[in-house]
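First comes the structure, then the notes that go with it.
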Amino acid sequence: MPSYLVETFLPRGAVEEREMRDRRARSAAEGMTREGTPIEFEGSIHVPEDEICLFTFVAATAAEAMLVARRAGLEPLRVVEAIPSGKVEP
């Protein structure tokens, strides 16, 4: 399955907020998986200087990645497919 980056706004110095969002993202992905839509939360990257936080999910579609982000309360700005290094696409 492809990976998707979910871009969100997160102010500088919001380390505790990022940690809470990580927990919510993980919980939302686990919940959707239990409901029959397999999604994996891979982690997040906070870029304080740009006040963005990127969350990475493995999902079948961008729509599913957007849905899990909304369920987690991440207020996604956009969702884009991402190809990690070392991953060979067919």
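Letters for chains follow the order of the structure tokens (A, B, ...), residue numbers begin at 1 for each chain, and ligand numbers begin at 1 in the order shown.
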Selection: 12 Å around segment 48-51 of chain A, only C-alpha atoms, excl. self and same-chain fewer than 4 positions, as a list of chain:residue names: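 Counting only C-alpha atoms, the residues come to A:Glu7, A:Thr8, A:Phe9, A:Leu10, A:Pro11, A:Arg12, A:Gly13, A:Ala14, A:Val15, A:Arg18.
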Take the residues from that selection and write them out as a CSV table (one decimal), in the first residue's frame, keeping C-alpha atoms.
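Saved file out_30.csv follows:
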chain,number,residue,atom,x,y,z
A,7,GLU,CA,0.2,18.3,6.2
A,8,THR,CA,-1.0,20.2,9.2
A,9,PHE,CA,-0.4,23.5,10.9
A,10,LEU,CA,1.5,23.3,14.2
A,11,PRO,CA,3.1,26.3,15.9
A,12,ARG,CA,6.8,26.4,17.0
A,13,GLY,CA,7.4,25.1,20.4
A,14,ALA,CA,4.3,22.8,20.4
A,15,VAL,CA,6.1,19.6,21.3
A,18,ARG,CA,2.6,17.0,18.5
Picked from chain A by DSSP as strand (DSSP E or B), as a PyMOL selection string: chain A and resi 3-9+40-47+52-58+78-82
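By only C-alpha atoms, and with residues fewer than 5 positions from Gly73 of chain A along its chain excluded, the set lying at most 10 Å from it is A:Arg21, A:Arg24, A:Ala25, A:Ala28, A:Leu67, A:Val68.
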Those of chain A in DSSP alpha helix (DSSP H), formatted as a PyMOL selection string: chain A and resi 15-34+62-71
Straight-line distance linking atom CA of Ala82 of chain A with atom CA of Ala60 of chain A, stated in Å to one decimal: 12.6 Å
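Among A:Gly43, A:Gly36, A:Gly31, A:Pro2, the residue with the shortest atom-to-atom distance to Ile83 of chain A, counting only C-alpha atoms, is A:Pro2.
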Proximity to Ala69 of chain A - best of A:Pro38, A:Ala29, A:Arg23, A:Glu17, only C-alpha atoms: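 Ranking A:Pro38, A:Ala29, A:Arg23, A:Glu17 by distance to Ala69 of chain A, first place goes to A:Ala29.
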Å distance separating atom CA of Arg78 of chain A from atom CA of Ile39 of chain A, one decimal place: 17.6 Å
Residues within 7 Å of Val80 of chain A, only C-alpha atoms, excluding chain neighbours under 6 positions, as a list of chain:residue names: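 The neighbour list is A:Tyr4, A:Leu5, A:Val6, A:Ala62.
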